[in-house]
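Novice: Structure file structure_8.pdb (PDB, C-alpha atoms and all ligand atoms) is given on the next line.
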```pdb
ATOM      1  CA  GLY A  17     145.562 133.285 120.063
ATOM      2  CA  LYS A  18     145.274 136.176 117.624
ATOM      3  CA  PRO A  19     141.918 137.534 116.423
ATOM      4  CA  TRP A  20     140.145 135.525 113.714
ATOM      5  CA  THR A  21     139.947 136.912 110.169
ATOM      6  CA  VAL A  22     137.697 135.833 107.306
ATOM      7  CA  PRO A  23     140.548 134.366 105.167
ATOM      8  CA  ALA A  24     141.796 132.373 108.168
ATOM      9  CA  LEU A  25     138.555 130.348 108.164
ATOM     10  CA  ALA A  26     139.330 128.640 104.835
ATOM     11  CA  GLY A  27     142.912 128.147 106.110
ATOM     12  CA  ALA A  28     141.582 126.245 109.120
ATOM     13  CA  LYS A  29     139.603 123.952 106.808
ATOM     14  CA  ARG A  30     142.666 123.265 104.624
ATOM     15  CA  GLU A  31     144.612 122.339 107.765
ATOM     16  CA  GLY A  32     141.809 120.132 109.079
ATOM     17  CA  ARG A  33     141.133 122.266 112.164
ATOM     18  CA  LYS A  34     137.455 122.218 113.244
ATOM     19  CA  LEU A  35     135.704 125.564 113.763
ATOM     20  CA  VAL A  36     133.726 126.043 116.978
ATOM     21  CA  MET A  37     130.757 128.416 116.947
ATOM     22  CA  LEU A  38     128.101 129.385 119.498
ATOM     23  CA  THR A  39     125.305 131.926 119.465
ATOM     24  CA  CYS A  40     125.473 134.800 121.955
ATOM     25  CA  TYR A  41     123.335 137.848 122.655
ATOM     26  CA  ASP A  42     125.095 139.971 125.302
ATOM     27  CA  ALA A  43     128.511 141.206 126.466
ATOM     28  CA  GLY A  44     128.753 139.110 129.639
ATOM     29  CA  PHE A  45     128.391 135.781 127.883
ATOM     30  CA  ALA A  46     130.516 137.064 124.985
ATOM     31  CA  ARG A  47     133.413 137.662 127.373
ATOM     32  CA  ALA A  48     133.131 134.111 128.769
ATOM     33  CA  LEU A  49     132.859 132.453 125.338
ATOM     34  CA  ASP A  50     135.786 134.459 123.969
ATOM     35  CA  ALA A  51     137.920 133.451 126.974
ATOM     36  CA  ALA A  52     136.912 129.811 126.390
ATOM     37  CA  GLY A  53     138.416 129.983 122.882
ATOM     38  CA  ILE A  54     135.204 129.850 120.838
ATOM     39  CA  ASP A  55     136.203 130.740 117.247
ATOM     40  CA  LEU A  56     132.961 132.195 115.900
ATOM     41  CA  ILE A  57     130.101 133.938 117.698
ATOM     42  CA  LEU A  58     126.706 134.295 116.039
ATOM     43  CA  VAL A  59     124.129 136.901 116.995
ATOM     44  CA  GLY A  60     121.384 134.654 115.656
ATOM     45  CA  ASP A  61     117.797 135.574 114.996
ATOM     46  CA  SER A  62     117.206 132.624 117.346
ATOM     47  CA  LEU A  63     117.178 135.511 119.839
ATOM     48  CA  GLY A  64     113.508 135.857 118.872
ATOM     49  CA  MET A  65     112.901 132.496 120.528
ATOM     50  CA  VAL A  66     115.478 132.257 123.350
ATOM     51  CA  VAL A  67     115.662 135.938 124.397
ATOM     52  CA  GLN A  68     112.285 137.382 123.327
ATOM     53  CA  GLY A  69     110.229 134.227 124.005
ATOM     54  CA  ARG A  70     108.514 134.041 120.635
ATOM     55  CA  ASP A  71     107.457 130.888 118.713
ATOM     56  CA  SER A  72     109.506 131.621 115.579
ATOM     57  CA  THR A  73     112.271 133.923 114.324
ATOM     58  CA  LEU A  74     109.946 135.846 111.999
ATOM     59  CA  PRO A  75     109.255 138.868 114.292
ATOM     60  CA  VAL A  76     112.962 139.709 114.807
ATOM     61  CA  THR A  77     113.974 143.105 113.380
ATOM     62  CA  VAL A  78     117.178 144.638 112.018
ATOM     63  CA  GLN A  79     117.214 146.924 115.079
ATOM     64  CA  ASP A  80     117.057 143.904 117.410
ATOM     65  CA  ILE A  81     120.060 142.244 115.723
ATOM     66  CA  ALA A  82     122.017 145.534 115.572
ATOM     67  CA  TYR A  83     121.448 146.146 119.302
ATOM     68  CA  HIS A  84     122.580 142.656 120.352
ATOM     69  CA  THR A  85     125.515 142.767 117.902
ATOM     70  CA  ALA A  86     126.777 145.969 119.535
ATOM     71  CA  CYS A  87     126.389 144.390 123.007
ATOM     72  CA  VAL A  88     128.252 141.202 122.035
ATOM     73  CA  ALA A  89     131.018 143.044 120.155
ATOM     74  CA  ARG A  90     132.035 144.846 123.370
ATOM     75  CA  GLY A  91     132.762 141.472 125.005
ATOM     76  CA  LEU A  92     134.931 139.956 122.254
ATOM     77  CA  ALA A  93     138.684 140.150 121.704
ATOM     78  CA  ARG A  94     139.374 137.158 119.459
ATOM     79  CA  ALA A  95     136.227 135.480 118.101
ATOM     80  CA  LEU A  96     134.838 136.442 114.684
ATOM     81  CA  LEU A  97     131.375 137.964 115.081
ATOM     82  CA  VAL A  98     128.610 136.971 112.652
ATOM     83  CA  ALA A  99     125.211 138.749 112.624
ATOM     84  CA  ASP A 100     122.007 137.252 111.214
ATOM     85  CA  LEU A 101     119.989 139.126 108.598
ATOM     86  CA  PRO A 102     116.468 138.695 110.004
ATOM     87  CA  PHE A 103     113.332 137.725 108.062
ATOM     88  CA  ALA A 104     112.760 139.895 104.949
ATOM     89  CA  ALA A 105     115.791 142.116 105.667
ATOM     90  CA  ASP A 106     117.491 140.198 102.834
ATOM     91  CA  ALA A 107     114.446 140.223 100.533
ATOM     92  CA  ASP A 108     116.268 142.520  98.118
ATOM     93  CA  PRO A 109     119.939 143.457  97.707
ATOM     94  CA  GLY A 110     119.540 147.114  98.702
ATOM     95  CA  ARG A 111     117.759 146.364 101.976
ATOM     96  CA  ALA A 112     120.254 143.616 102.737
ATOM     97  CA  LEU A 113     123.185 145.999 102.214
ATOM     98  CA  ASP A 114     121.636 148.666 104.485
ATOM     99  CA  ALA A 115     121.120 146.123 107.286
ATOM    100  CA  SER A 116     124.586 144.627 106.765
ATOM    101  CA  VAL A 117     126.255 148.041 107.016
ATOM    102  CA  ALA A 118     124.475 148.581 110.343
ATOM    103  CA  PHE A 119     125.739 145.207 111.611
ATOM    104  CA  LEU A 120     129.334 145.748 110.446
ATOM    105  CA  GLN A 121     129.304 149.217 112.030
ATOM    106  CA  ALA A 122     128.037 147.593 115.260
ATOM    107  CA  GLY A 123     131.094 145.316 115.265
ATOM    108  CA  ALA A 124     130.186 142.253 113.170
ATOM    109  CA  GLY A 125     132.776 140.801 110.780
ATOM    110  CA  MET A 126     130.304 138.866 108.640
ATOM    111  CA  VAL A 127     126.546 138.586 108.053
ATOM    112  CA  LYS A 128     124.510 135.402 107.636
ATOM    113  CA  LEU A 129     121.488 134.864 105.428
ATOM    114  CA  GLU A 130     119.183 131.917 104.764
ATOM    115  CA  GLY A 131     118.505 130.219 101.428
ATOM    116  CA  ALA A 132     119.691 130.162  97.808
ATOM    117  CA  GLY A 133     117.505 130.985  94.766
ATOM    118  CA  HIS A 134     117.114 134.765  94.588
ATOM    119  CA  LYS A 135     119.331 135.070  97.710
ATOM    120  CA  LEU A 136     122.340 134.223  95.514
ATOM    121  CA  GLU A 137     122.010 137.660  93.937
ATOM    122  CA  VAL A 138     121.904 139.163  97.450
ATOM    123  CA  ILE A 139     125.086 137.279  98.409
ATOM    124  CA  ARG A 140     126.879 138.588  95.283
ATOM    125  CA  HIS A 141     125.651 142.136  95.960
ATOM    126  CA  LEU A 142     126.999 142.080  99.528
ATOM    127  CA  VAL A 143     130.324 140.380  98.745
ATOM    128  CA  ASP A 144     130.986 142.825  95.856
ATOM    129  CA  ARG A 145     130.550 145.640  98.389
ATOM    130  CA  GLU A 146     132.995 144.209 100.957
ATOM    131  CA  VAL A 147     130.474 142.482 103.229
ATOM    132  CA  PRO A 148     131.624 138.919 104.064
ATOM    133  CA  VAL A 149     128.702 136.480 103.945
ATOM    134  CA  CYS A 150     127.847 133.204 105.647
ATOM    135  CA  ALA A 151     125.139 131.238 103.804
ATOM    136  CA  HIS A 152     122.642 128.978 105.634
ATOM    137  CA  LEU A 153     120.916 125.978 103.998
ATOM    138  CA  GLY A 154     118.904 122.926 105.053
ATOM    139  CA  LEU A 155     116.379 123.736 107.770
ATOM    140  CA  THR A 156     116.141 127.490 107.327
ATOM    141  CA  PRO A 157     113.940 128.615 110.241
ATOM    142  CA  GLN A 158     112.704 131.704 108.356
ATOM    143  CA  SER A 159     110.975 129.204 105.993
ATOM    144  CA  VAL A 160     108.890 127.746 108.865
ATOM    145  CA  LEU A 161     105.529 128.679 107.315
ATOM    146  CA  ARG A 162     106.376 127.022 103.977
ATOM    147  CA  PHE A 163     107.931 123.961 105.712
ATOM    148  CA  GLY A 164     104.985 123.658 108.126
ATOM    149  CA  GLY A 165     107.327 123.254 111.109
ATOM    150  CA  PHE A 166     110.977 122.638 111.980
ATOM    151  CA  LYS A 167     111.864 119.458 110.051
ATOM    152  CA  VAL A 168     114.997 117.681 108.781
ATOM    153  CA  GLN A 169     115.715 118.697 105.163
ATOM    154  CA  GLY A 170     117.361 116.937 102.190
ATOM    155  CA  ARG A 171     115.874 113.478 102.896
ATOM    156  CA  SER A 172     114.640 112.684  99.333
ATOM    157  CA  ASP A 173     117.050 112.234  96.421
ATOM    158  CA  ALA A 174     115.624 115.328  94.727
ATOM    159  CA  ALA A 175     115.980 117.431  97.890
ATOM    160  CA  ALA A 176     119.546 116.164  98.404
ATOM    161  CA  ASP A 177     120.487 117.092  94.803
ATOM    162  CA  ARG A 178     118.970 120.530  95.302
ATOM    163  CA  LEU A 179     120.941 121.052  98.518
ATOM    164  CA  ARG A 180     124.222 120.013  96.834
ATOM    165  CA  GLU A 181     123.543 122.483  94.007
ATOM    166  CA  ASP A 182     122.547 125.297  96.366
ATOM    167  CA  ALA A 183     125.726 124.780  98.427
ATOM    168  CA  ARG A 184     127.919 125.037  95.310
ATOM    169  CA  ALA A 185     125.979 128.093  94.132
ATOM    170  CA  ALA A 186     126.376 129.839  97.512
ATOM    171  CA  GLN A 187     130.145 129.278  97.356
ATOM    172  CA  ALA A 188     130.264 130.498  93.737
ATOM    173  CA  ALA A 189     128.282 133.610  94.736
ATOM    174  CA  GLY A 190     131.063 134.475  97.176
ATOM    175  CA  ALA A 191     129.960 133.107 100.568
ATOM    176  CA  SER A 192     132.891 132.537 102.964
ATOM    177  CA  LEU A 193     131.101 130.056 105.218
ATOM    178  CA  LEU A 194     128.029 127.788 105.047
ATOM    179  CA  VAL A 195     125.778 126.728 107.927
ATOM    180  CA  LEU A 196     124.009 123.395 107.313
ATOM    181  CA  GLU A 197     121.057 122.884 109.666
ATOM    182  CA  CYS A 198     119.206 119.577 110.183
ATOM    183  CA  VAL A 199     120.636 117.698 107.218
ATOM    184  CA  PRO A 200     121.386 113.932 107.170
ATOM    185  CA  SER A 201     125.024 113.310 108.214
ATOM    186  CA  GLY A 202     126.095 111.595 104.982
ATOM    187  CA  LEU A 203     124.826 114.421 102.792
ATOM    188  CA  ALA A 204     126.415 117.120 104.981
ATOM    189  CA  GLU A 205     129.739 115.262 104.904
ATOM    190  CA  GLU A 206     129.572 114.984 101.107
ATOM    191  CA  ILE A 207     128.835 118.719 100.732
ATOM    192  CA  SER A 208     131.660 119.562 103.143
ATOM    193  CA  ARG A 209     134.140 117.537 101.085
ATOM    194  CA  ASP A 210     132.880 119.131  97.857
ATOM    195  CA  LEU A 211     133.309 122.769  98.999
ATOM    196  CA  GLU A 212     136.420 124.836  99.667
ATOM    197  CA  ILE A 213     134.626 127.089 102.152
ATOM    198  CA  PRO A 214     134.060 125.640 105.640
ATOM    199  CA  THR A 215     130.677 124.178 106.554
ATOM    200  CA  ILE A 216     129.302 124.664 110.068
ATOM    201  CA  GLY A 217     126.784 122.012 111.101
ATOM    202  CA  ILE A 218     123.873 122.068 113.520
ATOM    203  CA  GLY A 219     122.070 118.750 113.449
ATOM    204  CA  ALA A 220     124.188 117.911 110.385
ATOM    205  CA  GLY A 221     126.549 115.271 111.799
ATOM    206  CA  PRO A 222     130.290 115.116 112.525
ATOM    207  CA  GLY A 223     131.419 115.430 108.881
ATOM    208  CA  CYS A 224     131.072 119.223 108.787
ATOM    209  CA  ASP A 225     134.108 121.506 109.130
ATOM    210  CA  GLY A 226     132.742 123.036 112.321
ATOM    211  CA  GLN A 227     129.724 123.062 114.625
ATOM    212  CA  VAL A 228     127.325 125.615 116.040
ATOM    213  CA  LEU A 229     124.801 125.400 118.886
ATOM    214  CA  VAL A 230     122.424 127.918 120.404
ATOM    215  CA  LEU A 231     124.007 129.113 123.680
ATOM    216  CA  HIS A 232     120.907 128.379 125.771
ATOM    217  CA  ASP A 233     120.778 124.784 124.423
ATOM    218  CA  MET A 234     124.509 124.245 125.119
ATOM    219  CA  LEU A 235     123.848 125.328 128.726
ATOM    220  CA  GLY A 236     120.827 123.016 129.082
ATOM    221  CA  LEU A 237     118.261 125.792 129.547
ATOM    222  CA  ASP A 238     114.698 124.649 128.874
ATOM    223  CA  SER A 239     113.446 126.826 126.003
ATOM    224  CA  GLY A 240     109.808 125.789 126.415
ATOM    225  CA  HIS A 241     110.020 124.253 122.920
ATOM    226  CA  ARG A 242     110.593 120.606 121.983
ATOM    227  CA  ARG A 243     114.305 119.828 122.390
ATOM    228  CA  PRO A 244     115.842 118.776 119.050
ATOM    229  CA  ARG A 245     117.915 115.584 118.844
ATOM    230  CA  PHE A 246     121.208 117.446 118.177
ATOM    231  CA  VAL A 247     121.103 119.526 121.382
ATOM    232  CA  LYS A 248     123.530 118.669 124.189
ATOM    233  CA  ASP A 249     123.879 120.220 127.655
ATOM    234  CA  PHE A 250     127.608 120.801 128.353
ATOM    235  CA  LEU A 251     127.095 122.651 131.652
ATOM    236  CA  ALA A 252     126.948 119.434 133.719
ATOM    237  CA  GLU A 253     130.453 118.345 132.627
ATOM    238  CA  GLY A 254     131.847 121.870 132.289
ATOM    239  CA  GLY A 255     130.852 123.103 135.756
ATOM    240  CA  SER A 256     130.594 126.794 134.728
ATOM    241  CA  VAL A 257     129.617 128.823 131.663
ATOM    242  CA  GLU A 258     133.241 129.121 130.544
ATOM    243  CA  GLY A 259     133.881 125.462 131.423
ATOM    244  CA  ALA A 260     130.827 124.349 129.423
ATOM    245  CA  ALA A 261     132.017 126.317 126.397
ATOM    246  CA  MET A 262     135.483 124.742 126.748
ATOM    247  CA  ALA A 263     133.978 121.237 127.057
ATOM    248  CA  TYR A 264     131.896 121.870 123.921
ATOM    249  CA  ALA A 265     134.911 123.241 122.025
ATOM    250  CA  ASP A 266     137.094 120.266 123.033
ATOM    251  CA  ALA A 267     134.371 117.795 122.014
ATOM    252  CA  VAL A 268     134.007 119.449 118.581
ATOM    253  CA  ARG A 269     137.761 119.726 117.964
ATOM    254  CA  GLU A 270     138.357 116.096 118.983
ATOM    255  CA  GLY A 271     135.471 114.840 116.842
ATOM    256  CA  ARG A 272     133.432 113.596 119.843
ATOM    257  CA  PHE A 273     130.490 115.962 119.206
ATOM    258  CA  PRO A 274     128.160 115.434 117.524
ATOM    259  CA  ASP A 275     127.976 111.630 117.823
ATOM    260  CA  ALA A 276     125.353 109.447 116.105
ATOM    261  CA  GLY A 277     122.886 110.065 118.938
ATOM    262  CA  HIS A 278     123.000 113.820 118.216
ATOM    263  CA  SER A 279     122.765 113.495 114.403
ATOM    264  CA  TYR A 280     120.310 112.370 111.715
ATOM    265  CA  ALA A 281     121.181 109.257 109.663
TER
HETATM  266  O1  LIG B 301     119.770 132.027 114.694
HETATM  267  C1  LIG B 301     120.552 131.104 114.976
HETATM  268  O2  LIG B 301     120.863 130.825 116.145
HETATM  269  C2  LIG B 301     121.111 130.322 113.881
HETATM  270  C3  LIG B 301     121.948 129.125 114.218
HETATM  271  C4  LIG B 301     121.150 128.063 114.861
HETATM  272  C5  LIG B 301     122.730 128.627 113.060
HETATM  273  O3  LIG B 301     120.889 130.657 112.736
HETATM  274 NA    NA B 302     119.342 132.254 112.483
END
```
What does the file become when written as structure tokens?
Ligand code: KIV
Ligand code: NA
Specialist:
Amino acid sequence: GKPWTVPALAGAKREGRKLVMLTCYDAGFARALDAAGIDLILVGDSLGMVVQGRDSTLPVTVQDIAYHTACVARGLARALLVADLPFAADADPGRALDASVAFLQAGAGMVKLEGAGHKLEVIRHLVDREVPVCAHLGLTPQSVLRFGGFKVQGRSDAAADRLREDARAAQAAGASLLVLECVPSGLAEEISRDLEIPTIGIGAGPGCDGQVLVLHDMLGLDSGHRRPRFVKDFLAEGGSVEGAAMAYADAVREGRFPDAGHSYA
């Protein structure tokens, strides 16, 4: 297929084609995932946990993300590359733009940032300056200290209303994509129907417009942390790294993953 572009993402949603995303941190895996037909690759700040061995994403720096983005970009021919703005790099619009420029110059096609509230101004600032943005709501891991752990979000009526409003506001601010993490399936499906931009779920049920998993989780590697409910090892059925990525992509595109056992009711 031809290389992905930002406008093509909304086109895929209109046509009912699911988007398949995985995280990746180096060129070797990037080459395999690109060959497997993965649509979107995320250099996530999850690298703090799965690559650097830390307990949260908070210590990850702009330099860390820029380095891994450059490594991954060299391995891709077709997938759209998204780079995470790490903790506090998006605390104000100017800092966020400086970091985003570094990521785009390293080969990213979009940046991702967590939250709404004052982050809406950051999204507008970036989009106005030609930086495509992916928003991220629900369980935002950079909020771990305030949340007191990694917990499902949007369970109460008030929290669900807030999430619906934040999703609309992120789209209105100019986001091209929205990651929903650890959100009850019904709520994520409702938000996905409400928005024109595609939603990408992780622990957010089958009603999202696409899915993302952390590469290490998709390959069944033990992270040393408690394994969340939505994680599935595709290496056993796939037989190789590329085969696992293809098995995951097929399961997402055919609506077989995630099932109820890998979602929150
Ligand atoms: O950092 C990351 O890997 C992420 C995904 C889990 C969405 O933000
Ligand atoms: Na992240």
Novice: List as a VMD selection string the protein and nucleic acid residues near Leu179 of chain A, meaning an atom at most 8 Å away when only C-alpha atoms are counted, but skip any in the same chain fewer than 2 places from it.
Specialist: chain A and resid 153 to 154 170 175 to 177 181 to 183
Novice: Of the candidates A:Asp80, A:Asp71, A:Asp50, A:Glu253, which shows the shortest atom-to-atom distance to Ala93 of chain A, using all atoms listed in the file?
Specialist: A:Asp50
Novice: If the limit is 10 Å from any atom of ligand LIG 301 (chain B), counting all atoms listed in the file, which residues qualify? Return them as a PyMOL selection string.
Specialist: chain A and resi 37-41+57-66+73+98-102+128-130+151-153+155-158+194-198+216-219+227-232
Novice: Write out as a PyMOL selection string each polymer residue whose atoms come within 9 Å of segment 279-281 of chain A, counting all atoms listed in the file; drop sequence neighbours fewer than 6 positions from it.
Specialist: chain A and resi 168+198-202+218-222+245-246
Novice: Using C-alpha atoms, can you write the selected residues to a file as a compact mmCIF listing (two decimals), in the frame of the given file?
Specialist:
```txt
# COMPACT_ATOMS: atom_id res chain seq x y z
CA VAL A 168 115.00 117.68 108.78
CA CYS A 198 119.21 119.58 110.18
CA VAL A 199 120.64 117.70 107.22
CA PRO A 200 121.39 113.93 107.17
CA SER A 201 125.02 113.31 108.21
CA GLY A 202 126.10 111.60 104.98
CA ILE A 218 123.87 122.07 113.52
CA GLY A 219 122.07 118.75 113.45
CA ALA A 220 124.19 117.91 110.38
CA GLY A 221 126.55 115.27 111.80
CA PRO A 222 130.29 115.12 112.52
CA ARG A 245 117.92 115.58 118.84
CA PHE A 246 121.21 117.45 118.18
```
Novice: Nearest residue to ligand NA 302 (chain B) out of A:Gly17, A:Ile81, A:Ala26, A:Ser116, using only C-alpha atoms and all ligand atoms?
Specialist: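 For ligand NA 302 (chain B), the nearest of the given residues is A:Ile81.
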Novice: Env of Gly53 of chain A: 10 Å cut, atoms = all atoms listed in the file, seq-sep filter 2 positions within chain, self excluded. Answer as a list in words.
Specialist: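 My reading of the contact set: Gly17, Val36, Met37, Ala48, Leu49, Asp50, Ala51, Asp55, Leu56, Arg94, Ala95, Glu258, Ala261, Met262, Ala265 and Asp266 of chain A.
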Novice: Assuming 4 Å of padding per side, give the centre and edge lengths of the axis-aligned box around every listed atom of segment 134-151 of chain A, in Å to one decimal and as lines of an AutoDock Vina configuration file.
Specialist:
```
center_x = 125.1
center_y = 138.4
center_z = 99.8
size_x = 23.9
size_y = 22.4
size_z = 19.7
```
Novice: Report, in Å to a single decimal, how far apart atom CA of Glu31 of chain A and atom CA of Asp144 of chain A are.
Specialist: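 Distance between the two atoms: 27.3 Å.
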Novice: Quote the spacing between atom CA of Pro109 of chain A and atom CA of Leu25 of chain A in Å to one decimal place.
Specialist: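 These atoms are spaced 25.1 Å apart.
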Novice: Could you check the closest approach to ligand NA 302 (chain B) for each of A:Gly32, A:Gly27, A:Gly190, A:Gly131 and tell me which residue wins, using all atoms listed in the file?
Specialist: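 Of A:Gly32, A:Gly27, A:Gly190, A:Gly131, the one nearest ligand NA 302 (chain B) is A:Gly131, counting all atoms listed in the file.
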Novice: Residues picked by the PyMOL selection byres (((chain A and resi 87) around 10) and not hetatm) here, as a ChimeraX atom specification?
Specialist: /A:40-44,46,59,81-86,88-92,122-123
